[in-house]
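Undergrad: The structure under discussion is supplied below as structure tokens; questions concerning it will follow.
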Number of protein chains: 2
Amino acid sequence: MSDLLGGEARVTTRRAQTRDKLMTAAVTVFADRGIIGAPVEEICEAAGFTRGAFYSNFPDKDALVLELIRHEVEIQYTAAERAVEVMKVAASAGRSAEEMVDVALRAFDAGGRSGREWILTQQELRLYAAREPGVRAQYLSFDRECAKQFSTLIADAVSHAGREFTVPFEDAISLLRATHNEVQMEALFGHGEVDSHRLRVLLLAITRPATQSGH
Amino acid sequence: MSDLLGGEARVTTRRAQTRDKLMTAAVTVFADRGIIGAPVEEICEAAGFTRGAFYSNFPDKDALVLELIRHEVEIQYTAAERAVEVMKVAASAGRSAEEMVDVALRAFDAGGRSGREWILTQQELRLYAAREPGVRAQYLSFDRECAKQFSTLIADAVSHAGREFTVPFEDAISLLRATHNEVQMEALFGHGEVDSHRLRVLLLAITRPATQSGH
DNA sequence: TGTATCCGATACATTACTGTATTGAATACA
DNA sequence: TGTATTCAATACAGTAATGTATCGGATACA
């Protein structure tokens, strides 16, 4: 009972690892069978455990789903941050708007989750949250937080690119999100690759070179 | 065995009615529990039957889902057709581009399926098709057909509005679809109403008054 | 009205999944 | 090294869902 490091349990590291493996495996199974259709047993099997491990770590599937959402938001956000960094560099190097957009999107996809499994799971999560009241609230609060941070990043990015929006900012964000989503779905039905072309077209259509003195 | 009306069965009308009731009920249950999570029994219960009726009409749930997709595409298309009709009238009456878009979108939502249940089910169908190989092919062929018809309608609508796209046509269609989708999802999380505002913004951003002599 | 046929209801067998209670091996600390 | 504790494995009910085989009331046609 040595509480030297705060209330945290003792063995923790093994536990943390199995939690992690379970969550990773869950994504695979979710993509394959859907969140609702994914039996706990199959998740465990994919992670190399039995159901005992699962119920020792999570009260039920919903708990794991919530954890997954939390984790996902983090990943996406850091990916976005990196993308903006990359873009700023491109801006300093005097790249064209097209090139900057392209470079940023590429960086985002590389850092985030653009594989088939993740796309499917993200869509699943969204629908699941829309349906299950228990998950919905959490999802929304995460989503809102995420959107806020994204907005900042995008505003930053656009101004660094020496451009400005020709539509209200909030609408711009929504359109970007919509298109990103659609591009992901198209990748799901087409043969694989996420194609950033359409996002570029949209961005160029709803921005113009800044009239301000800046840059 | 009177084959007067072609190979069709005798009692047919009762059968057709129960099929219809089952499909309608399925949408409600799908929205509530997800396609995978929807037990056949619950669908039957909602339709006022027992499982016997179901298995007498469909070999399994997938068959019903396919039927649903087929049906849905039809509905959406006629809704789109009507929307364009309405818009043409507005165009003849010399309305502004904003007004025309607004009127058309309103007509589309009224004729199509803009209720919570239908939005959820449409999203479910899309994901389900992306995952289940058996359904996927069918979905894609329907979807392609639908997209083709939509493209014609939209091109028609835009030119009647005395406008032209500022981005490649194919991209425009995709962006519109993306945004329509997003608007629906937002309605799911917000409190109800589908808001056409964003679609209007997009349309105005990617079109301009036609330079041609026409009109 | 009688009779063949249709179609949904009922009953049954089987499988899949969940969740809990208990056990036993691995791990941390004295 | 011995001992307490943690954590996943195993075992056990219990429930839910599927699909099939059979039955019986309704419908069409003579």
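By convention here, the chains of the structure tokens are called A, B, ... in the order presented, each chain's residues are numbered starting at 1, and ligands are numbered starting at 1 in the order presented.
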Residues of chain A within 7 Å of chain B, counting only C-alpha atoms - could you list those as a CSV table (one decimal) with C-alpha atoms, in the first residue's frame?
TA:
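part-v1.csv was written with the following content:
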```csv
chain,number,residue,atom,x,y,z
A,32,ASP,CA,-15.0,-5.7,-39.6
A,36,ILE,CA,-22.7,-3.3,-32.2
A,37,GLY,CA,-21.9,-6.4,-34.1
A,130,ALA,CA,-25.7,9.6,-32.4
A,131,ARG,CA,-27.8,6.6,-31.3
A,171,ASP,CA,-19.5,27.7,-42.4
A,175,LEU,CA,-17.7,22.6,-45.2
A,178,ALA,CA,-18.0,17.7,-44.5
A,179,THR,CA,-15.6,17.3,-47.4
A,182,GLU,CA,-16.8,12.5,-47.8
A,188,LEU,CA,-13.8,3.3,-48.5
A,189,PHE,CA,-15.8,2.4,-51.6
A,198,ARG,CA,-11.3,17.6,-53.4
A,205,ALA,CA,-13.0,28.0,-53.8
A,206,ILE,CA,-13.8,29.4,-50.4
```
Undergrad: Step one, run DSSP on the backbone; step two, keep only residues of chain B assigned to strand (DSSP E or B); then write them as a CSV table (one decimal) with N, CA, C and O atoms, in the first residue's frame.
TA:
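Now in selection-v4.csv:
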```
chain,number,residue,atom,x,y,z
B,163,ARG,N,-26.6,30.3,-63.9
B,163,ARG,CA,-25.3,30.3,-63.2
B,163,ARG,C,-24.4,29.2,-63.8
B,163,ARG,O,-24.9,28.4,-64.6
B,164,GLU,N,-23.1,29.2,-63.4
B,164,GLU,CA,-22.2,28.1,-63.9
B,164,GLU,C,-21.2,27.8,-62.8
B,164,GLU,O,-20.9,28.7,-61.9
B,165,PHE,N,-20.7,26.6,-62.8
B,165,PHE,CA,-19.8,26.2,-61.7
B,165,PHE,C,-18.4,26.9,-61.9
B,165,PHE,O,-17.9,27.0,-63.1
B,207,THR,N,-20.4,28.6,-57.5
B,207,THR,CA,-21.0,29.0,-58.8
B,207,THR,C,-20.9,30.5,-59.0
B,207,THR,O,-20.6,31.3,-58.0
B,208,ARG,N,-21.1,31.0,-60.2
B,208,ARG,CA,-21.1,32.4,-60.5
B,208,ARG,C,-22.2,32.7,-61.6
B,208,ARG,O,-22.5,31.7,-62.3
B,209,PRO,N,-22.6,33.9,-61.8
B,209,PRO,CA,-23.5,34.2,-62.9
B,209,PRO,C,-22.9,33.7,-64.2
B,209,PRO,O,-21.7,33.9,-64.4
```
Undergrad: Hey, which bits of chain C sit within 12 Å of chain A, and for each residue what's the closest pair of atoms and how far apart in Å (one decimal), counting only C-alpha atoms (C1' of nucleotides), rows by chain and increasing number, as a tab-separated table?
TA:
```
residue	atom	partner	partner_atom	distance
C:DA16	C1'	A:Pro39	CA	9.1
C:DC17	C1'	A:Pro39	CA	7.0
C:DT18	C1'	A:Val40	CA	8.7
C:DG19	C1'	A:Tyr55	CA	8.4
C:DT20	C1'	A:Tyr55	CA	9.7
C:DA21	C1'	A:Gly52	CA	11.4
C:DT22	C1'	A:Gly52	CA	11.6
C:DT23	C1'	A:Gly52	CA	11.9
C:DA26	C1'	A:Arg14	CA	10.5
C:DT27	C1'	A:Val11	CA	7.2
C:DA28	C1'	A:Val11	CA	7.5
C:DC29	C1'	A:Ser2	CA	9.4
C:DA30	C1'	A:Met1	CA	11.9
```
Undergrad: Mind dumping the selected residues with N, CA and C atoms (P, O5', C5', C4', C3', O3' and C1' of nucleotides) as a PDB file, in the first residue's frame?
TA:
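Result written to result_25.pdb:
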```pdb
ATOM      1  P    DA C  16     -22.238 -20.448 -33.232  1.00  0.00           P
ATOM      2  O5'  DA C  16     -22.691 -19.098 -32.517  1.00  0.00           O
ATOM      3  C5'  DA C  16     -23.590 -18.222 -33.181  1.00  0.00           C
ATOM      4  C4'  DA C  16     -23.780 -16.990 -32.314  1.00  0.00           C
ATOM      5  C3'  DA C  16     -22.485 -16.451 -31.725  1.00  0.00           C
ATOM      6  O3'  DA C  16     -22.546 -15.042 -31.831  1.00  0.00           O
ATOM      7  C1'  DA C  16     -24.003 -16.957 -29.979  1.00  0.00           C
ATOM      8  P    DC C  17     -21.268 -14.142 -31.567  1.00  0.00           P
ATOM      9  O5'  DC C  17     -21.594 -13.504 -30.153  1.00  0.00           O
ATOM     10  C5'  DC C  17     -22.831 -12.799 -29.989  1.00  0.00           C
ATOM     11  C4'  DC C  17     -23.094 -12.561 -28.526  1.00  0.00           C
ATOM     12  C3'  DC C  17     -21.877 -12.089 -27.722  1.00  0.00           C
ATOM     13  O3'  DC C  17     -22.023 -10.703 -27.449  1.00  0.00           O
ATOM     14  C1'  DC C  17     -23.221 -13.684 -26.540  1.00  0.00           C
ATOM     15  P    DT C  18     -20.986  -9.937 -26.504  1.00  0.00           P
ATOM     16  O5'  DT C  18     -21.710  -9.921 -25.088  1.00  0.00           O
ATOM     17  C5'  DT C  18     -23.117  -9.734 -25.018  1.00  0.00           C
ATOM     18  C4'  DT C  18     -23.578  -9.932 -23.590  1.00  0.00           C
ATOM     19  C3'  DT C  18     -22.647  -9.315 -22.556  1.00  0.00           C
ATOM     20  O3'  DT C  18     -23.385  -8.374 -21.782  1.00  0.00           O
ATOM     21  C1'  DT C  18     -23.161 -11.591 -22.008  1.00  0.00           C
ATOM     22  P    DG C  19     -22.600  -7.351 -20.835  1.00  0.00           P
ATOM     23  O5'  DG C  19     -22.488  -8.142 -19.447  1.00  0.00           O
ATOM     24  C5'  DG C  19     -23.682  -8.612 -18.862  1.00  0.00           C
ATOM     25  C4'  DG C  19     -23.370  -9.477 -17.664  1.00  0.00           C
ATOM     26  C3'  DG C  19     -22.262  -8.939 -16.756  1.00  0.00           C
ATOM     27  O3'  DG C  19     -22.666  -9.148 -15.408  1.00  0.00           O
ATOM     28  C1'  DG C  19     -21.780 -11.138 -17.359  1.00  0.00           C
ATOM     29  P    DT C  20     -21.874  -8.505 -14.196  1.00  0.00           P
ATOM     30  O5'  DT C  20     -21.679  -9.741 -13.201  1.00  0.00           O
ATOM     31  C5'  DT C  20     -22.726 -10.693 -13.058  1.00  0.00           C
ATOM     32  C4'  DT C  20     -22.179 -11.949 -12.394  1.00  0.00           C
ATOM     33  C3'  DT C  20     -21.165 -11.690 -11.274  1.00  0.00           C
ATOM     34  O3'  DT C  20     -21.399 -12.639 -10.247  1.00  0.00           O
ATOM     35  C1'  DT C  20     -20.213 -13.101 -12.863  1.00  0.00           C
ATOM     36  P    DA C  21     -20.864 -12.387  -8.762  1.00  0.00           P
ATOM     37  O5'  DA C  21     -20.803 -13.879  -8.199  1.00  0.00           O
ATOM     38  C5'  DA C  21     -21.091 -14.964  -9.063  1.00  0.00           C
ATOM     39  C4'  DA C  21     -20.039 -16.059  -8.867  1.00  0.00           C
ATOM     40  C3'  DA C  21     -19.097 -15.845  -7.679  1.00  0.00           C
ATOM     41  O3'  DA C  21     -18.854 -17.117  -7.086  1.00  0.00           O
ATOM     42  C1'  DA C  21     -17.828 -16.015  -9.652  1.00  0.00           C
ATOM     43  P    DT C  22     -17.917 -17.282  -5.776  1.00  0.00           P
ATOM     44  O5'  DT C  22     -16.673 -18.062  -6.377  1.00  0.00           O
ATOM     45  C5'  DT C  22     -16.902 -19.197  -7.216  1.00  0.00           C
ATOM     46  C4'  DT C  22     -15.600 -19.627  -7.862  1.00  0.00           C
ATOM     47  C3'  DT C  22     -14.408 -19.721  -6.892  1.00  0.00           C
ATOM     48  O3'  DT C  22     -13.863 -21.029  -7.005  1.00  0.00           O
ATOM     49  C1'  DT C  22     -13.817 -18.517  -8.849  1.00  0.00           C
ATOM     50  P    DT C  23     -12.619 -21.461  -6.067  1.00  0.00           P
ATOM     51  O5'  DT C  23     -11.428 -21.531  -7.139  1.00  0.00           O
ATOM     52  C5'  DT C  23     -11.639 -22.186  -8.398  1.00  0.00           C
ATOM     53  C4'  DT C  23     -10.427 -21.953  -9.282  1.00  0.00           C
ATOM     54  C3'  DT C  23      -9.083 -22.184  -8.585  1.00  0.00           C
ATOM     55  O3'  DT C  23      -8.277 -23.011  -9.397  1.00  0.00           O
ATOM     56  C1'  DT C  23      -9.110 -20.070  -9.640  1.00  0.00           C
ATOM     57  P    DA C  26       3.388 -18.222 -14.682  1.00  0.00           P
ATOM     58  O5'  DA C  26       3.505 -16.659 -14.407  1.00  0.00           O
ATOM     59  C5'  DA C  26       2.730 -15.763 -15.197  1.00  0.00           C
ATOM     60  C4'  DA C  26       2.696 -14.411 -14.505  1.00  0.00           C
ATOM     61  C3'  DA C  26       4.075 -13.806 -14.203  1.00  0.00           C
ATOM     62  O3'  DA C  26       4.060 -12.482 -14.695  1.00  0.00           O
ATOM     63  C1'  DA C  26       2.720 -13.771 -12.286  1.00  0.00           C
ATOM     64  P    DT C  27       5.393 -11.608 -14.802  1.00  0.00           P
ATOM     65  O5'  DT C  27       5.247 -10.624 -13.570  1.00  0.00           O
ATOM     66  C5'  DT C  27       4.091  -9.784 -13.491  1.00  0.00           C
ATOM     67  C4'  DT C  27       4.067  -9.098 -12.143  1.00  0.00           C
ATOM     68  C3'  DT C  27       5.410  -8.486 -11.725  1.00  0.00           C
ATOM     69  O3'  DT C  27       5.223  -7.088 -11.606  1.00  0.00           O
ATOM     70  C1'  DT C  27       4.385  -9.677  -9.924  1.00  0.00           C
ATOM     71  P    DA C  28       6.447  -6.101 -11.234  1.00  0.00           P
ATOM     72  O5'  DA C  28       6.130  -5.820  -9.699  1.00  0.00           O
ATOM     73  C5'  DA C  28       4.919  -5.162  -9.366  1.00  0.00           C
ATOM     74  C4'  DA C  28       4.843  -5.025  -7.842  1.00  0.00           C
ATOM     75  C3'  DA C  28       6.020  -4.284  -7.216  1.00  0.00           C
ATOM     76  O3'  DA C  28       5.497  -3.429  -6.207  1.00  0.00           O
ATOM     77  C1'  DA C  28       5.814  -6.431  -6.249  1.00  0.00           C
ATOM     78  P    DC C  29       6.397  -2.218  -5.688  1.00  0.00           P
ATOM     79  O5'  DC C  29       6.714  -2.666  -4.195  1.00  0.00           O
ATOM     80  C5'  DC C  29       5.635  -2.950  -3.312  1.00  0.00           C
ATOM     81  C4'  DC C  29       6.112  -3.849  -2.213  1.00  0.00           C
ATOM     82  C3'  DC C  29       7.327  -3.335  -1.422  1.00  0.00           C
ATOM     83  O3'  DC C  29       6.958  -3.200  -0.057  1.00  0.00           O
ATOM     84  C1'  DC C  29       7.520  -5.641  -1.933  1.00  0.00           C
ATOM     85  P    DA C  30       7.988  -2.405   0.904  1.00  0.00           P
ATOM     86  O5'  DA C  30       8.321  -3.464   2.036  1.00  0.00           O
ATOM     87  C5'  DA C  30       7.232  -4.069   2.757  1.00  0.00           C
ATOM     88  C4'  DA C  30       7.787  -5.240   3.583  1.00  0.00           C
ATOM     89  C3'  DA C  30       9.152  -4.947   4.185  1.00  0.00           C
ATOM     90  O3'  DA C  30       8.985  -4.513   5.551  1.00  0.00           O
ATOM     91  C1'  DA C  30       9.143  -7.056   3.041  1.00  0.00           C
TER      92       DA C  30
END
```
Undergrad: Give me the residues within 8 Å of stretch 1-14 of chain C as a list in words, counting only C-alpha atoms (C1' of nucleotides) and dropping any in the same chain fewer than 4 places off.
TA: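 That gives Val11, Arg15, Phe49, Thr50, Gly52, Ala53 and Ser56 of chain B; DC23 and DT27 of chain D.
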Undergrad: Among the residues of stretch 1-151 of chain B, find those DSSP assigns to helix (DSSP H, G or I) from the backbone and print them as a ChimeraX atom specification.
TA: /B:13-33,40-47,51-57,61-92,97-111,116-131,133-151
Undergrad: Tell me as JSON, numbers by chain which residues belonging to chain D come within 12 Å of chain B, counting only C-alpha atoms (C1' of nucleotides).
TA: {"D": [16, 17, 18, 19, 20, 21, 22, 23, 26, 27, 28, 29]}
Undergrad: Could you tell me how far atom CA of A:Lys148 sits from atom CA of A:Asp62, in Å to one decimal place?
TA: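 Taking atom CA of A:Asp62 as the start and atom CA of A:Lys148 as the end point, the length is 25.5 Å.
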Undergrad: Between atom CA of A:Asp195 and atom CA of B:Ala147, what is the distance, to one decimal in Å?
TA: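 Between these atoms lies a distance of 19.1 Å.
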Undergrad: Rank A:Ile119, A:Leu153, A:Ala47, A:Ala83 by their smallest atom-to-atom distance to A:Asp102, using only C-alpha atoms, and report the top residue only.
TA: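 Residue with the minimum atom-to-atom distance to A:Asp102: A:Ala83.
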Undergrad: Extract, using only C-alpha atoms (C1' of nucleotides), all DNA, RNA and protein residues at most 8 Å from B:Ile69, discarding same-chain residues fewer than 5 positions from it, and format them as a PyMOL selection string.
TA: chain B and resi 125+139+142
Undergrad: Using all heavy atoms, can you export the residues from the last selection as an mmCIF file, in the first residue's frame?
TA:
```cif
data_model
loop_
_atom_site.group_PDB
_atom_site.id
_atom_site.type_symbol
_atom_site.label_atom_id
_atom_site.label_comp_id
_atom_site.auth_asym_id
_atom_site.auth_seq_id
_atom_site.Cartn_x
_atom_site.Cartn_y
_atom_site.Cartn_z
ATOM 1 N N LEU B 125 -27.094 2.450 -43.665
ATOM 2 C CA LEU B 125 -27.042 1.706 -44.917
ATOM 3 C C LEU B 125 -25.686 1.873 -45.595
ATOM 4 O O LEU B 125 -25.086 0.914 -46.074
ATOM 5 C CB LEU B 125 -28.150 2.183 -45.869
ATOM 6 C CG LEU B 125 -29.563 1.705 -45.553
ATOM 7 C CD1 LEU B 125 -30.567 2.342 -46.493
ATOM 8 C CD2 LEU B 125 -29.650 0.188 -45.646
ATOM 9 N N TYR B 139 -25.223 -1.845 -53.596
ATOM 10 C CA TYR B 139 -25.268 -0.452 -53.152
ATOM 11 C C TYR B 139 -24.546 0.446 -54.140
ATOM 12 O O TYR B 139 -25.049 1.500 -54.544
ATOM 13 C CB TYR B 139 -24.636 -0.316 -51.770
ATOM 14 C CG TYR B 139 -24.665 1.085 -51.215
ATOM 15 C CD1 TYR B 139 -25.780 1.558 -50.545
ATOM 16 C CD2 TYR B 139 -23.587 1.945 -51.379
ATOM 17 C CE1 TYR B 139 -25.821 2.838 -50.042
ATOM 18 C CE2 TYR B 139 -23.621 3.234 -50.880
ATOM 19 C CZ TYR B 139 -24.741 3.671 -50.211
ATOM 20 O OH TYR B 139 -24.779 4.946 -49.723
ATOM 21 N N PHE B 142 -26.482 0.936 -57.426
ATOM 22 C CA PHE B 142 -27.589 1.866 -57.204
ATOM 23 C C PHE B 142 -27.057 3.279 -57.045
ATOM 24 O O PHE B 142 -27.559 4.232 -57.617
ATOM 25 C CB PHE B 142 -28.375 1.480 -55.955
ATOM 26 C CG PHE B 142 -29.286 0.323 -56.184
ATOM 27 C CD1 PHE B 142 -29.266 -0.775 -55.335
ATOM 28 C CD2 PHE B 142 -30.179 0.311 -57.239
ATOM 29 C CE1 PHE B 142 -30.107 -1.854 -55.545
ATOM 30 C CE2 PHE B 142 -31.022 -0.758 -57.456
ATOM 31 C CZ PHE B 142 -30.978 -1.845 -56.610
#
```
Undergrad: Just the number, please: distance in Å from atom CA of B:Ala110 to atom CA of B:Glu193, one decimal.
TA: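 We find that atom CA of B:Ala110 and atom CA of B:Glu193 lie 11.9 Å from each other.
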